[in-house]
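A.B. asks: My file is my_file-v9.cif. It has mmCIF, C-alpha atoms and all ligand atoms; chains and numbers go by the auth columns:
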```cif
data_data
loop_
_atom_site.group_PDB
_atom_site.id
_atom_site.type_symbol
_atom_site.label_atom_id
_atom_site.label_comp_id
_atom_site.label_asym_id
_atom_site.label_seq_id
_atom_site.Cartn_x
_atom_site.Cartn_y
_atom_site.Cartn_z
_atom_site.B_iso_or_equiv
_atom_site.auth_seq_id
_atom_site.auth_asym_id
ATOM 1 C CA MET A 1 9.637 -38.985 -54.523 0.00 1 A
ATOM 2 C CA LYS A 2 9.509 -36.854 -51.365 0.00 2 A
ATOM 3 C CA ILE A 3 9.206 -38.872 -48.157 0.00 3 A
ATOM 4 C CA LYS A 4 5.950 -37.108 -47.229 0.00 4 A
ATOM 5 C CA ASP A 5 4.441 -38.007 -50.603 0.00 5 A
ATOM 6 C CA LEU A 6 5.649 -41.586 -50.244 0.00 6 A
ATOM 7 C CA ALA A 7 4.095 -41.878 -46.782 0.00 7 A
ATOM 8 C CA VAL A 8 0.756 -40.554 -48.059 0.00 8 A
ATOM 9 C CA LYS A 9 0.794 -42.914 -51.072 0.00 9 A
ATOM 10 C CA VAL A 10 1.633 -45.925 -48.922 0.00 10 A
ATOM 11 C CA ASP A 11 -1.093 -45.049 -46.453 0.00 11 A
ATOM 12 C CA ALA A 12 -3.652 -44.598 -49.234 0.00 12 A
ATOM 13 C CA VAL A 13 -3.095 -48.240 -50.257 0.00 13 A
ATOM 14 C CA LEU A 14 -3.121 -49.439 -46.654 0.00 14 A
ATOM 15 C CA LYS A 15 -6.356 -47.548 -45.916 0.00 15 A
ATOM 16 C CA LYS A 16 -8.075 -49.559 -48.633 0.00 16 A
ATOM 17 C CA ARG A 17 -6.558 -52.806 -47.434 0.00 17 A
ATOM 18 C CA TYR A 18 -7.197 -52.232 -43.717 0.00 18 A
ATOM 19 C CA PRO A 19 -10.179 -49.841 -43.553 0.00 19 A
ATOM 20 C CA ASP A 20 -11.016 -50.662 -39.933 0.00 20 A
ATOM 21 C CA ALA A 21 -7.566 -51.289 -38.477 0.00 21 A
ATOM 22 C CA LYS A 22 -7.647 -51.292 -34.715 0.00 22 A
ATOM 23 C CA THR A 23 -5.584 -52.756 -31.927 0.00 23 A
ATOM 24 C CA SER A 24 -6.012 -56.498 -31.533 0.00 24 A
ATOM 25 C CA LEU A 25 -5.663 -56.208 -27.758 0.00 25 A
ATOM 26 C CA ASP A 26 -8.958 -56.666 -25.915 0.00 26 A
ATOM 27 C CA PHE A 27 -9.875 -53.857 -23.497 0.00 27 A
ATOM 28 C CA SER A 28 -12.825 -51.849 -22.316 0.00 28 A
ATOM 29 C CA THR A 29 -11.159 -49.111 -20.217 0.00 29 A
ATOM 30 C CA PRO A 30 -7.942 -47.052 -20.465 0.00 30 A
ATOM 31 C CA LEU A 31 -6.532 -49.018 -17.515 0.00 31 A
ATOM 32 C CA GLU A 32 -7.195 -52.335 -19.239 0.00 32 A
ATOM 33 C CA LEU A 33 -5.503 -51.085 -22.401 0.00 33 A
ATOM 34 C CA LEU A 34 -2.512 -49.833 -20.435 0.00 34 A
ATOM 35 C CA VAL A 35 -2.161 -53.189 -18.668 0.00 35 A
ATOM 36 C CA ALA A 36 -2.584 -55.164 -21.915 0.00 36 A
ATOM 37 C CA THR A 37 -0.014 -52.996 -23.687 0.00 37 A
ATOM 38 C CA ILE A 38 2.540 -53.498 -20.923 0.00 38 A
ATOM 39 C CA LEU A 39 1.925 -57.253 -21.109 0.00 39 A
ATOM 40 C CA SER A 40 2.249 -57.280 -24.903 0.00 40 A
ATOM 41 C CA ALA A 41 6.005 -56.600 -24.872 0.00 41 A
ATOM 42 C CA GLN A 42 7.711 -59.649 -26.420 0.00 42 A
ATOM 43 C CA CYS A 43 4.381 -61.494 -26.471 0.00 43 A
ATOM 44 C CA THR A 44 1.635 -62.047 -29.018 0.00 44 A
ATOM 45 C CA ASP A 45 -1.633 -60.139 -28.672 0.00 45 A
ATOM 46 C CA GLU A 46 -3.481 -63.487 -28.751 0.00 46 A
ATOM 47 C CA ARG A 47 -1.610 -64.688 -25.677 0.00 47 A
ATOM 48 C CA VAL A 48 -2.155 -61.372 -23.896 0.00 48 A
ATOM 49 C CA ASN A 49 -5.898 -61.566 -24.618 0.00 49 A
ATOM 50 C CA MET A 50 -6.029 -65.057 -23.150 0.00 50 A
ATOM 51 C CA VAL A 51 -4.344 -63.848 -19.965 0.00 51 A
ATOM 52 C CA THR A 52 -6.297 -60.602 -19.594 0.00 52 A
ATOM 53 C CA LYS A 53 -9.624 -62.397 -19.939 0.00 53 A
ATOM 54 C CA THR A 54 -9.129 -63.673 -16.400 0.00 54 A
ATOM 55 C CA LEU A 55 -6.844 -60.907 -15.156 0.00 55 A
ATOM 56 C CA PHE A 56 -9.358 -58.117 -15.799 0.00 56 A
ATOM 57 C CA LYS A 57 -11.980 -59.921 -13.742 0.00 57 A
ATOM 58 C CA LYS A 58 -9.578 -60.216 -10.824 0.00 58 A
ATOM 59 C CA TYR A 59 -8.026 -56.753 -10.945 0.00 59 A
ATOM 60 C CA ARG A 60 -10.581 -54.070 -11.662 0.00 60 A
ATOM 61 C CA THR A 61 -8.842 -50.893 -10.499 0.00 61 A
ATOM 62 C CA ALA A 62 -5.331 -49.465 -10.379 0.00 62 A
ATOM 63 C CA LYS A 63 -5.542 -49.921 -6.608 0.00 63 A
ATOM 64 C CA ASP A 64 -6.061 -53.662 -7.100 0.00 64 A
ATOM 65 C CA TYR A 65 -2.780 -53.968 -9.036 0.00 65 A
ATOM 66 C CA ALA A 66 -0.920 -51.671 -6.657 0.00 66 A
ATOM 67 C CA ALA A 67 -2.084 -53.646 -3.616 0.00 67 A
ATOM 68 C CA ALA A 68 -1.528 -57.132 -5.065 0.00 68 A
ATOM 69 C CA PRO A 69 1.302 -59.245 -3.645 0.00 69 A
ATOM 70 C CA ILE A 70 3.994 -59.257 -6.329 0.00 70 A
ATOM 71 C CA GLU A 71 4.248 -63.068 -6.359 0.00 71 A
ATOM 72 C CA LYS A 72 0.513 -63.338 -6.992 0.00 72 A
ATOM 73 C CA LEU A 73 0.647 -60.840 -9.835 0.00 73 A
ATOM 74 C CA GLU A 74 3.661 -62.619 -11.342 0.00 74 A
ATOM 75 C CA GLU A 75 1.756 -65.878 -11.300 0.00 75 A
ATOM 76 C CA ASP A 76 -1.289 -64.302 -12.934 0.00 76 A
ATOM 77 C CA ILE A 77 0.694 -62.944 -15.890 0.00 77 A
ATOM 78 C CA ARG A 78 3.411 -65.581 -16.062 0.00 78 A
ATOM 79 C CA SER A 79 2.570 -66.960 -19.505 0.00 79 A
ATOM 80 C CA THR A 80 3.116 -63.561 -21.191 0.00 80 A
ATOM 81 C CA GLY A 81 6.865 -63.911 -20.574 0.00 81 A
ATOM 82 C CA PHE A 82 9.233 -61.526 -18.768 0.00 82 A
ATOM 83 C CA TYR A 83 6.639 -61.740 -16.023 0.00 83 A
ATOM 84 C CA LYS A 84 8.856 -60.516 -13.197 0.00 84 A
ATOM 85 C CA ASN A 85 9.611 -57.200 -14.887 0.00 85 A
ATOM 86 C CA LYS A 86 6.070 -56.853 -16.167 0.00 86 A
ATOM 87 C CA ALA A 87 4.591 -57.479 -12.697 0.00 87 A
ATOM 88 C CA LYS A 88 6.962 -54.889 -11.240 0.00 88 A
ATOM 89 C CA SER A 89 5.930 -52.358 -13.895 0.00 89 A
ATOM 90 C CA LEU A 90 2.214 -53.041 -13.435 0.00 90 A
ATOM 91 C CA LYS A 91 2.429 -52.608 -9.691 0.00 91 A
ATOM 92 C CA ALA A 92 4.602 -49.503 -9.760 0.00 92 A
ATOM 93 C CA CYS A 93 2.714 -47.789 -12.551 0.00 93 A
ATOM 94 C CA SER A 94 -0.615 -48.545 -10.864 0.00 94 A
ATOM 95 C CA GLY A 95 0.800 -47.106 -7.644 0.00 95 A
ATOM 96 C CA ASP A 96 1.639 -43.907 -9.538 0.00 96 A
ATOM 97 C CA ILE A 97 -1.870 -43.791 -10.994 0.00 97 A
ATOM 98 C CA VAL A 98 -3.414 -44.129 -7.542 0.00 98 A
ATOM 99 C CA GLU A 99 -1.099 -41.646 -5.842 0.00 99 A
ATOM 100 C CA LYS A 100 -0.748 -38.983 -8.515 0.00 100 A
ATOM 101 C CA HIS A 101 -3.905 -39.290 -10.594 0.00 101 A
ATOM 102 C CA GLY A 102 -6.640 -40.355 -8.187 0.00 102 A
ATOM 103 C CA GLY A 103 -6.783 -43.856 -9.654 0.00 103 A
ATOM 104 C CA LYS A 104 -7.502 -42.683 -13.217 0.00 104 A
ATOM 105 C CA VAL A 105 -5.169 -43.296 -16.142 0.00 105 A
ATOM 106 C CA PRO A 106 -3.968 -39.850 -17.285 0.00 106 A
ATOM 107 C CA SER A 107 -4.539 -38.740 -20.859 0.00 107 A
ATOM 108 C CA THR A 108 -1.445 -36.754 -21.845 0.00 108 A
ATOM 109 C CA MET A 109 1.898 -37.957 -23.161 0.00 109 A
ATOM 110 C CA GLU A 110 3.754 -36.163 -20.399 0.00 110 A
ATOM 111 C CA GLU A 111 1.701 -37.703 -17.608 0.00 111 A
ATOM 112 C CA LEU A 112 1.644 -41.176 -19.141 0.00 112 A
ATOM 113 C CA THR A 113 5.398 -41.327 -19.697 0.00 113 A
ATOM 114 C CA SER A 114 5.973 -40.178 -16.124 0.00 114 A
ATOM 115 C CA LEU A 115 4.338 -43.408 -14.929 0.00 115 A
ATOM 116 C CA HIS A 116 6.746 -46.154 -13.971 0.00 116 A
ATOM 117 C CA GLY A 117 7.508 -48.487 -16.876 0.00 117 A
ATOM 118 C CA VAL A 118 5.531 -46.507 -19.458 0.00 118 A
ATOM 119 C CA GLY A 119 7.472 -45.378 -22.523 0.00 119 A
ATOM 120 C CA ARG A 120 6.336 -43.392 -25.548 0.00 120 A
ATOM 121 C CA LYS A 121 5.198 -46.486 -27.454 0.00 121 A
ATOM 122 C CA THR A 122 2.851 -47.622 -24.691 0.00 122 A
ATOM 123 C CA ALA A 123 1.698 -44.042 -24.115 0.00 123 A
ATOM 124 C CA ASN A 124 0.895 -43.584 -27.809 0.00 124 A
ATOM 125 C CA VAL A 125 -1.119 -46.822 -27.888 0.00 125 A
ATOM 126 C CA VAL A 126 -3.186 -45.664 -24.911 0.00 126 A
ATOM 127 C CA LEU A 127 -3.571 -42.102 -26.180 0.00 127 A
ATOM 128 C CA GLY A 128 -4.719 -43.264 -29.610 0.00 128 A
ATOM 129 C CA ALA A 129 -7.019 -46.150 -28.757 0.00 129 A
ATOM 130 C CA ALA A 130 -8.393 -45.098 -25.365 0.00 130 A
ATOM 131 C CA PHE A 131 -8.477 -41.306 -25.593 0.00 131 A
ATOM 132 C CA GLY A 132 -8.649 -40.593 -29.328 0.00 132 A
ATOM 133 C CA VAL A 133 -5.461 -38.479 -29.195 0.00 133 A
ATOM 134 C CA PRO A 134 -3.363 -39.008 -32.366 0.00 134 A
ATOM 135 C CA GLY A 135 -0.043 -40.713 -31.748 0.00 135 A
ATOM 136 C CA VAL A 136 2.544 -42.558 -33.835 0.00 136 A
ATOM 137 C CA VAL A 137 3.217 -45.977 -32.336 0.00 137 A
ATOM 138 C CA VAL A 138 6.612 -47.318 -33.333 0.00 138 A
ATOM 139 C CA ASP A 139 6.666 -50.994 -32.487 0.00 139 A
ATOM 140 C CA THR A 140 8.861 -53.575 -34.188 0.00 140 A
ATOM 141 C CA HIS A 141 6.570 -53.771 -37.253 0.00 141 A
ATOM 142 C CA VAL A 142 6.214 -50.033 -37.784 0.00 142 A
ATOM 143 C CA GLY A 143 9.958 -49.531 -37.371 0.00 143 A
ATOM 144 C CA ARG A 144 10.923 -52.321 -39.770 0.00 144 A
ATOM 145 C CA VAL A 145 8.372 -51.528 -42.483 0.00 145 A
ATOM 146 C CA SER A 146 9.074 -47.784 -42.375 0.00 146 A
ATOM 147 C CA GLN A 147 12.783 -48.407 -42.797 0.00 147 A
ATOM 148 C CA ARG A 148 12.309 -50.846 -45.667 0.00 148 A
ATOM 149 C CA LEU A 149 9.942 -48.536 -47.481 0.00 149 A
ATOM 150 C CA GLY A 150 12.309 -45.623 -47.035 0.00 150 A
ATOM 151 C CA ILE A 151 9.854 -43.563 -44.975 0.00 151 A
ATOM 152 C CA ALA A 152 12.251 -43.733 -42.028 0.00 152 A
ATOM 153 C CA LYS A 153 16.013 -43.435 -42.103 0.00 153 A
ATOM 154 C CA GLU A 154 16.640 -43.453 -38.370 0.00 154 A
ATOM 155 C CA LYS A 155 17.291 -46.527 -36.253 0.00 155 A
ATOM 156 C CA THR A 156 15.729 -45.931 -32.839 0.00 156 A
ATOM 157 C CA PRO A 157 11.948 -46.000 -32.217 0.00 157 A
ATOM 158 C CA GLU A 158 12.105 -42.513 -30.669 0.00 158 A
ATOM 159 C CA LYS A 159 13.745 -40.998 -33.745 0.00 159 A
ATOM 160 C CA ILE A 160 11.566 -42.960 -36.186 0.00 160 A
ATOM 161 C CA GLU A 161 8.520 -41.635 -34.341 0.00 161 A
ATOM 162 C CA ILE A 162 9.706 -38.066 -34.960 0.00 162 A
ATOM 163 C CA GLU A 163 10.332 -38.803 -38.649 0.00 163 A
ATOM 164 C CA LEU A 164 6.869 -40.310 -39.085 0.00 164 A
ATOM 165 C CA MET A 165 5.225 -37.448 -37.204 0.00 165 A
ATOM 166 C CA ASP A 166 6.767 -35.192 -39.798 0.00 166 A
ATOM 167 C CA SER A 167 5.798 -37.301 -42.838 0.00 167 A
ATOM 168 C CA VAL A 168 2.313 -38.502 -41.916 0.00 168 A
ATOM 169 C CA PRO A 169 -0.593 -36.059 -41.437 0.00 169 A
ATOM 170 C CA LYS A 170 -1.411 -35.782 -37.724 0.00 170 A
ATOM 171 C CA LYS A 171 -5.010 -36.917 -38.142 0.00 171 A
ATOM 172 C CA ASP A 172 -3.656 -40.237 -39.485 0.00 172 A
ATOM 173 C CA TRP A 173 -0.965 -40.932 -36.883 0.00 173 A
ATOM 174 C CA THR A 174 -2.903 -43.546 -34.930 0.00 174 A
ATOM 175 C CA GLY A 175 -4.530 -45.201 -37.945 0.00 175 A
ATOM 176 C CA PHE A 176 -1.298 -45.215 -39.937 0.00 176 A
ATOM 177 C CA SER A 177 0.495 -46.996 -37.090 0.00 177 A
ATOM 178 C CA LEU A 178 -2.238 -49.603 -36.804 0.00 178 A
ATOM 179 C CA ARG A 179 -2.328 -50.187 -40.573 0.00 179 A
ATOM 180 C CA MET A 180 1.452 -50.566 -40.668 0.00 180 A
ATOM 181 C CA ILE A 181 1.275 -53.120 -37.841 0.00 181 A
ATOM 182 C CA HIS A 182 -1.336 -55.152 -39.744 0.00 182 A
ATOM 183 C CA PHE A 183 0.681 -54.846 -42.951 0.00 183 A
ATOM 184 C CA GLY A 184 3.917 -55.856 -41.209 0.00 184 A
ATOM 185 C CA ARG A 185 2.226 -58.944 -39.820 0.00 185 A
ATOM 186 C CA GLU A 186 0.519 -59.920 -43.070 0.00 186 A
ATOM 187 C CA PHE A 187 3.143 -59.074 -45.704 0.00 187 A
ATOM 188 C CA CYS A 188 6.329 -57.449 -44.542 0.00 188 A
ATOM 189 C CA GLN A 189 7.439 -59.949 -41.931 0.00 189 A
ATOM 190 C CA ALA A 190 10.936 -59.651 -40.506 0.00 190 A
ATOM 191 C CA LYS A 191 12.329 -62.903 -41.876 0.00 191 A
ATOM 192 C CA LYS A 192 10.295 -63.749 -44.931 0.00 192 A
ATOM 193 C CA PRO A 193 8.543 -60.727 -46.404 0.00 193 A
ATOM 194 C CA ARG A 194 5.944 -61.662 -49.021 0.00 194 A
ATOM 195 C CA CYS A 195 7.249 -59.190 -51.586 0.00 195 A
ATOM 196 C CA GLY A 196 5.742 -61.141 -54.507 0.00 196 A
ATOM 197 C CA GLU A 197 2.218 -60.440 -53.214 0.00 197 A
ATOM 198 C CA CYS A 198 2.905 -57.044 -51.665 0.00 198 A
ATOM 199 C CA PRO A 199 0.294 -54.373 -52.494 0.00 199 A
ATOM 200 C CA ILE A 200 2.890 -51.589 -52.173 0.00 200 A
ATOM 201 C CA TYR A 201 5.737 -53.356 -53.976 0.00 201 A
ATOM 202 C CA ASP A 202 6.184 -50.493 -56.450 0.00 202 A
ATOM 203 C CA LEU A 203 6.499 -47.960 -53.639 0.00 203 A
ATOM 204 C CA CYS A 204 9.079 -49.960 -51.691 0.00 204 A
ATOM 205 C CA GLY A 205 12.677 -48.832 -51.913 0.00 205 A
ATOM 206 C CA TRP A 206 14.202 -51.701 -49.980 0.00 206 A
ATOM 207 C CA GLU A 207 17.161 -53.166 -51.807 0.00 207 A
ATOM 208 C CA GLY A 208 16.485 -56.579 -50.243 0.00 208 A
ATOM 209 C CA LYS A 209 12.980 -56.904 -51.707 0.00 209 A
ATOM 210 C CA LYS A 210 12.422 -59.913 -53.917 0.00 210 A
HETATM 211 FE FE1 LIG B . 7.944 -55.287 -47.407 0.00 301 B
HETATM 212 FE FE2 LIG B . 8.648 -56.611 -49.601 0.00 301 B
HETATM 213 FE FE3 LIG B . 6.483 -55.061 -49.613 0.00 301 B
HETATM 214 FE FE4 LIG B . 8.889 -53.971 -49.511 0.00 301 B
HETATM 215 S S1 LIG B . 8.042 -55.157 -51.206 0.00 301 B
HETATM 216 S S2 LIG B . 7.118 -53.399 -48.272 0.00 301 B
HETATM 217 S S3 LIG B . 9.994 -55.451 -48.259 0.00 301 B
HETATM 218 S S4 LIG B . 6.773 -56.922 -48.399 0.00 301 B
#
```
Hey, can you dump this file as structure tokens for me?

C.D. replies:
Amino acid sequence: MKIKDLAVKVDAVLKKRYPDAKTSLDFSTPLELLVATILSAQCTDERVNMVTKTLFKKYRTAKDYAAAPIEKLEEDIRSTGFYKNKAKSLKACSGDIVEKHGGKVPSTMEELTSLHGVGRKTANVVLGAAFGVPGVVVDTHVGRVSQRLGIAKEKTPEKIEIELMDSVPKKDWTGFSLRMIHFGREFCQAKKPRCGECPIYDLCGWEGKK
């Protein structure tokens, strides 16, 4: 089967399974989503949501993050892990937003990835969920599941993103990514995939499937 056809077939099953797939990060503005996404690296969305519940009340604008003493910010996000790097990124990227974009989170890939500490994955999350611009998000789940299914052959997130952009219709980029994340969490986990109950077992080309 052609990879494009495989991707469409897989997504048809996932659309039925996860008809309303959306990010599990809590946010109400593009800035909040950007902050939550930065904090979600190597951390569960549940933990991030616990932290941002308080954080978003304390820091309401990009200026607030940019002006915060780094030690204070570190303390406020400590439990999300890697807090020193994350605090540095939040402060620097907020500084960029204030200086170059008048305090507003920009809405293009080019502008977002020019912000300190913002890569294509984070940019695609923000573009898709906050601005409605289609984007393929390649996180650990999307990368792993795509490779197992045979939709992606490449190894790096950047290259997998290009492969998926080619195989998945553009209108579905954001939804496909979200559905794959939900599917990766529910069935196709890294260590113990639940192949016996998998709704796309017949479409999966992974030689390690059980
Ligand atoms: Fe993942 Fe197993 Fe399903 Fe393949 S059959 S997609 S490895 S859960």

A.B. asks: Return as AutoDock Vina command-line options the box centre and box size in Å, one decimal, for an axis-aligned box around all listed atoms of ligand LIG 301 (chain B) padded by 6 Å per side.

C.D. replies:
```
--center_x 8.2 --center_y -55.2 --center_z -49.3 --size_x 15.5 --size_y 15.5 --size_z 15.8
```

A.B. asks: For this file, the PyMOL selection byres (((chain A and resi 197-204) around 7) and not hetatm) selects which residues, as a list in words?

C.D. replies: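 Output of the PyMOL selection byres (((chain A and resi 197-204) around 7) and not hetatm): Val10, Arg148, Leu149, Phe187, Arg194, Cys195, Gly196, Gly205 and Trp206 of chain A.
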
A.B. asks: When you count all atoms listed in the file, which of these residues is closest to ligand LIG 301 (chain B): A:Val145, A:Val133, A:Met165, A:Leu33?

C.D. replies: A:Val145

A.B. asks: Restricting the calculation to only C-alpha atoms and all ligand atoms, which member of A:Val168, A:Ala68, A:Val142, A:Met1 is positioned closest to ligand LIG 301 (chain B)?

C.D. replies: A:Val142

A.B. asks: Choose the residue, out of A:Ser146, A:Lys9, A:Asp64, A:Ala152, that has the smallest atom-to-atom separation from ligand LIG 301 (chain B); count only C-alpha atoms and all ligand atoms.

C.D. replies: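 Closest to ligand LIG 301 (chain B), using only C-alpha atoms and all ligand atoms: A:Ser146.
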
A.B. asks: What is the distance, in Å and to one decimal place, between CA of Lys63 (chain A) and CA of Gly132 (chain A)?

C.D. replies: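 Straight-line distance from CA of Lys63 (chain A) to CA of Gly132 (chain A) works out to 24.8 Å.
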
A.B. asks: For the atom pair CA of Val136 (chain A) and CA of Tyr18 (chain A), what is the interatomic distance in Å to one decimal place?

C.D. replies: 16.9 Å

A.B. asks: Of the residues A:Ser79, A:Ile70, A:Lys22, A:Pro193, which is the one nearest to Asn49 (chain A), using all atoms listed in the file?

C.D. replies: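 Distance minimum relative to Asn49 (chain A) lands on A:Ser79.
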